[in-house]
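Enquirer: Handing you this structure, nothing more for now.
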Amino acid sequence: MADEAAGTDLENAPVDAVAEKLKTNIASGLSEDEAARRLATYGPNALPEEKTSLARQILRHFVGPIAFMIEAAALVSLLLGDMGDFVIIFGLLLFNAGLEFYQDSKATNALAALKNSLAPQASALRDGVVKTVDAATLVPGDIVNIRLGGIVPADIRLVSGDYASIDQAALTGESLPVTKKVGDLAYSGSVVKQGELAGVVIGTGGNTFFGRTARLVAGAGAVSQAQRAMFHIGNFLIVLAVVLALIMVAVQVYVDIVKADNWGLADALAILQFVLVLLVASIPVAMPAVFSITMALGALALSKEKAIVSRLSSIDEMAGADILCSDKTGTLTKNILTLGDPIPIDGVDPAQIVLAGALASRAEDSDAIDGAVVSALPDRAVLGEYRLVRFTPFDPVSKRTEAAVAGPDGKAFLVSKGAPHAIVALCGGENAAVVDAHVAELGEKGYRALAVARSDDDGAHWRLLGILPMYDPPRDDSKQTIDNVRAKGVTVKMITGDDTAIARETARQLGLGANILAAADVFPKDMDPDNVPGPIANRILTADGFARVFPEHKYAIVKTFQKNGHLVAMTGDGVNDAPALKQADCGIAVSGATDAARSAAALILTAPGLSVIENAIDEARRIFGRITSYTVYRVALTMTIMFLVVLSTIFLGFQPLTPIMIVLMSLLDDIPIMTVAYDNTTVSDQPIRWRMPHLLTVAAVLGFASIVQSFGLLLMGMEVMSEPARWPGLGITDTAHLQSMMFLQLVAGGHLLLLVARKENWFTKRPYPAEPLLIAMVATQLVAVLMCGFGILVPQIPWLLIGLVWVYLIVWLFVLGLVRIGIDHVLENRSARRAMSIDVMNERLFR
């Protein structure tokens, strides 16, 4: 907006200097030719938009470790002619990509919603004639008129007219319309509530306050925890699978090809087929789908709590959020201007002060102050006893309203309300010191003050009746909700566009702390919000809240917290909140938010206040628990399968599973396990995040314990197979029966492993598995048992052997439970010692 190249600050320079610099005539405006020339130079008065081809938008969702693994699995299935596997795997790939594509479209929707807030047309002075033009054709130097009900079409400096009351709350967060006069700045996208003024355009398109907000929205966004987690898990499993596969290929090639006297292409293809099938089984093709389905079901649960999820990954972020940046107006407060206890002067009845103020108001004007005064009457019917003779509305010169009224007794009198200093002057300066003291005291609490006066002699003499304090009170549930959220380990920071005094008083009432910083005192005007300097960042990190903030300030605050290791949830309702909502790990649009805020947010509240967020935190942590339990299970099971097959092939010269068994096992393990999305989990009392080293260590230890379990059974089975006559009832007479036994052990043992993976304490304790998960597990076991018992797709084995395998698995279930508790205990102690060492070091450094 400021023409820095020319060295003129168009926002603050005198109006005449602005007009001279822009080479425009305030009386006649620009010519059509000049406007066209400038349009070619400056571009249209519209938000800039970078187009990305649909093909590119779609293709980028098929890139990444997990995506590459799934694509490789689909390709292998296709090459092997296994169309069933190919259809299932490719379907999962399309499902995941479709969800990601939908979520990314929210950014485009946010910008579209911002554009809808701009004026479609404008009243411009061209060649000395006022014309209605397309707002997109406005250029710097145009003279435009704004009036009641209109949208300011560009950033303008007001050059003529009396006054206008402009609602810019959606842009700046101020709770009341702002009175504007000649010389003031009006922002593009703000709404004219009263009055009419003319202004000179100083900024259009992306060079407006609104345009800067749009640029921040376009560039905002953080990589979700879930995306990072799947990236790490994918890399871990890729490296593990490839290394083991290469080892197995090398051994097989040496044994079957190099050492063999007769070998051919069929031998090589057999090795390749088995290795590829093994890789397919090791790839967690269902992992993204399990993540998405779990979050989708969580979103459904949140919708019942009056929170609509528009970006599924936000659930994951909400579980780990440790900072909640909350807007004040309408979120922490009621956004309803309310009258406090009247302050009488010279013993006037407080009820008479309120009545006189109401008589000096006109509710039908939809003015927030007039509405608050009238609403404070115990019975509004009393106004019907008075007849309004004349009403003079507020204007910025007199700074008061005035009404001529006839009372029930027929006597006429005048009442007036307005700025205290204006009313004191009307009353001849009496009680000025007393009024100033009251106004100063109210100002320290963030209260607005109105003075009320009455005249019974047609204005010859006025009597000061008293002062009406006005404020936006906190919501009834705000303090309790803040206390509850804090108990869950989340720190609440208030961010508001309102005045610092108002912010501090609200923070005091809600127990948020007194360190409220004014944005102008913290942020330099030319600061890059993406790179906040260290000293400023330190002030942000230690503040309890912020006042008088603009969109770039909110964005910078959120990003600073993120750069310092915090996960940030952010609430807001206006256009000014959109950049911060999109940048936050979990942006939350509160009830009644603008379209721009709703489109930028990941979570949309349909009930007023913050109490819904408390429920959302609990639900998010339940969902996170389900996802992490599945992850531990899937990584441990993948390790078990891979190591069992590779090590037994290398050291025992025996393949414990056939290719068809591996495919069947993959289906029996992955598809029913999606019901983990319904599982019962505990709710953490602190924010929870993806601790990948911890999680992968737990999974690896459980995996190795499961490998020992599987090898133990395999060795016992080989011992039985070596002397089948000693164990006639077990039926292990050849490798095919041994393979069926191992197939049953891995399918049944895999789901029993989930009982251990889903909890950090004993699996026998509450919460127990949810009914859908339990049914899926039992059904899977039943299918596996029937397949082995009746020889369906796998060699048949005796029922006695099936029973013994189950006894073996149940014994090992308790062993794995002990291993899980042990590894968690070791890791937690190590973390505690590390944290203690860091605390000691910090104490020594800052002593």
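By order in the structure tokens, chains are A, B, ...; within a chain, residues start at 1; ligands start at 1, following the order shown.
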Out of range 409-616 of chain A, which residues get strand (DSSP E or B) from DSSP, as a PyMOL selection string?
Expert: chain A and resi 412-418+448-455+463-471+474+491-495+516-518+545-547+568-572+586-589+603-605
Enquirer: Within 9 Å of Ala748 in chain A, counting only C-alpha atoms, which residues qualify if same-chain residues fewer than 6 places away don't, as a ChimeraX atom specification?
Expert: /A:777,780-781,784-785,806,809
Enquirer: Can you write just those residues out, C-alpha atoms, as a JSON list (two decimals), in the first residue's frame?
Expert:
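Written output follows (out12.json):
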```
[["chain", "number", "residue", "atom", "x", "y", "z"],
["A", 777, "MET", "CA", -10.33, -60.73, 15.37],
["A", 780, "THR", "CA", -10.31, -63.93, 11.32],
["A", 781, "GLN", "CA", -9.13, -66.63, 13.71],
["A", 784, "ALA", "CA", -7.78, -69.34, 9.59],
["A", 785, "VAL", "CA", -8.69, -72.33, 11.79],
["A", 806, "TRP", "CA", -3.39, -72.10, 20.18],
["A", 809, "LEU", "CA", 0.12, -68.77, 21.30]]
```
Enquirer: Compile a residue-level contact table for range 746-845 of chain A against range 672-685 of chain A at a cut-off of 9 Å, reporting for every qualifying residue the shortest atom pair and its distance in Å to one decimal, with only C-alpha atoms counted, rows ordered by chain and ascending number, as a Markdown table.
Expert:
```
| residue | atom | partner | partner_atom | distance |
| --- | --- | --- | --- | --- |
| A:His751 | CA | A:Ile673 | CA | 8.2 |
| A:Arg758 | CA | A:Thr681 | CA | 8.1 |
| A:Lys759 | CA | A:Thr681 | CA | 8.2 |
| A:Arg766 | CA | A:Thr682 | CA | 8.6 |
| A:Pro767 | CA | A:Asn680 | CA | 6.0 |
| A:Tyr768 | CA | A:Asn680 | CA | 6.6 |
| A:Pro769 | CA | A:Asp679 | CA | 5.7 |
| A:Ala770 | CA | A:Asp679 | CA | 4.7 |
| A:Glu771 | CA | A:Asp679 | CA | 7.9 |
| A:Pro772 | CA | A:Thr675 | CA | 6.1 |
| A:Leu773 | CA | A:Thr675 | CA | 5.0 |
| A:Leu774 | CA | A:Thr675 | CA | 8.7 |
| A:Ala776 | CA | A:Pro672 | CA | 5.4 |
| A:Met777 | CA | A:Pro672 | CA | 7.1 |
| A:Ala779 | CA | A:Pro672 | CA | 8.5 |
| A:Thr780 | CA | A:Pro672 | CA | 7.2 |
```
Enquirer: Those same residues, written as a PDB file, in the first residue's frame with C-alpha atoms?
Expert:
```
ATOM      1  CA  HIS A 751      -3.984 -60.622  15.942  1.00  0.00           C
ATOM      2  CA  ARG A 758      -2.752 -51.563  21.760  1.00  0.00           C
ATOM      3  CA  LYS A 759      -1.833 -50.900  25.418  1.00  0.00           C
ATOM      4  CA  ARG A 766      -9.406 -51.921  30.839  1.00  0.00           C
ATOM      5  CA  PRO A 767     -10.168 -50.539  28.358  1.00  0.00           C
ATOM      6  CA  TYR A 768     -10.992 -53.807  26.612  1.00  0.00           C
ATOM      7  CA  PRO A 769     -11.108 -54.115  22.795  1.00  0.00           C
ATOM      8  CA  ALA A 770     -14.221 -52.633  21.239  1.00  0.00           C
ATOM      9  CA  GLU A 771     -16.881 -55.032  19.991  1.00  0.00           C
ATOM     10  CA  PRO A 772     -16.236 -54.490  16.224  1.00  0.00           C
ATOM     11  CA  LEU A 773     -12.508 -55.124  16.691  1.00  0.00           C
ATOM     12  CA  LEU A 774     -13.132 -58.186  18.846  1.00  0.00           C
ATOM     13  CA  ALA A 776     -13.149 -59.015  13.457  1.00  0.00           C
ATOM     14  CA  MET A 777     -10.332 -60.731  15.367  1.00  0.00           C
ATOM     15  CA  ALA A 779     -13.833 -64.019  12.744  1.00  0.00           C
ATOM     16  CA  THR A 780     -10.312 -63.928  11.316  1.00  0.00           C
TER      17      THR A 780
END
```
Enquirer: Within 12 Å of range 812-815 of chain A, counting only C-alpha atoms, which residues show up once you throw out same-chain ones fewer than 4 positions away? Write them as an MDAnalysis selection string, please.
Expert: chainID A and resid 702 705:710 712:713 745 748:757 761:764 805:808 819:822
Enquirer: So which one's closest to Ala307 in chain A, A:Thr179, A:Ser123, A:Asn45, A:Thr606? Using only C-alpha atoms, please.
Expert: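 The shortest atom-to-atom distance to Ala307 in chain A comes from A:Thr606.
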Enquirer: Nearest to Met318 in chain A among A:Phe391, A:Met295, A:Gly203, A:Tyr471, with distances taken over only C-alpha atoms: which residue is it?
Expert: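 Result for the nearest residue to Met318 in chain A: A:Met295.
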Enquirer: Determine, counting only C-alpha atoms, which protein, DNA and RNA residues have an atom within 8 Å of an atom of His553 in chain A; residues of the same chain fewer than 5 positions away are not included. Present the result as a list in words.
Expert: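 Listing them by chain and then by number gives Ala519, Phe523 and Pro529 of chain A.
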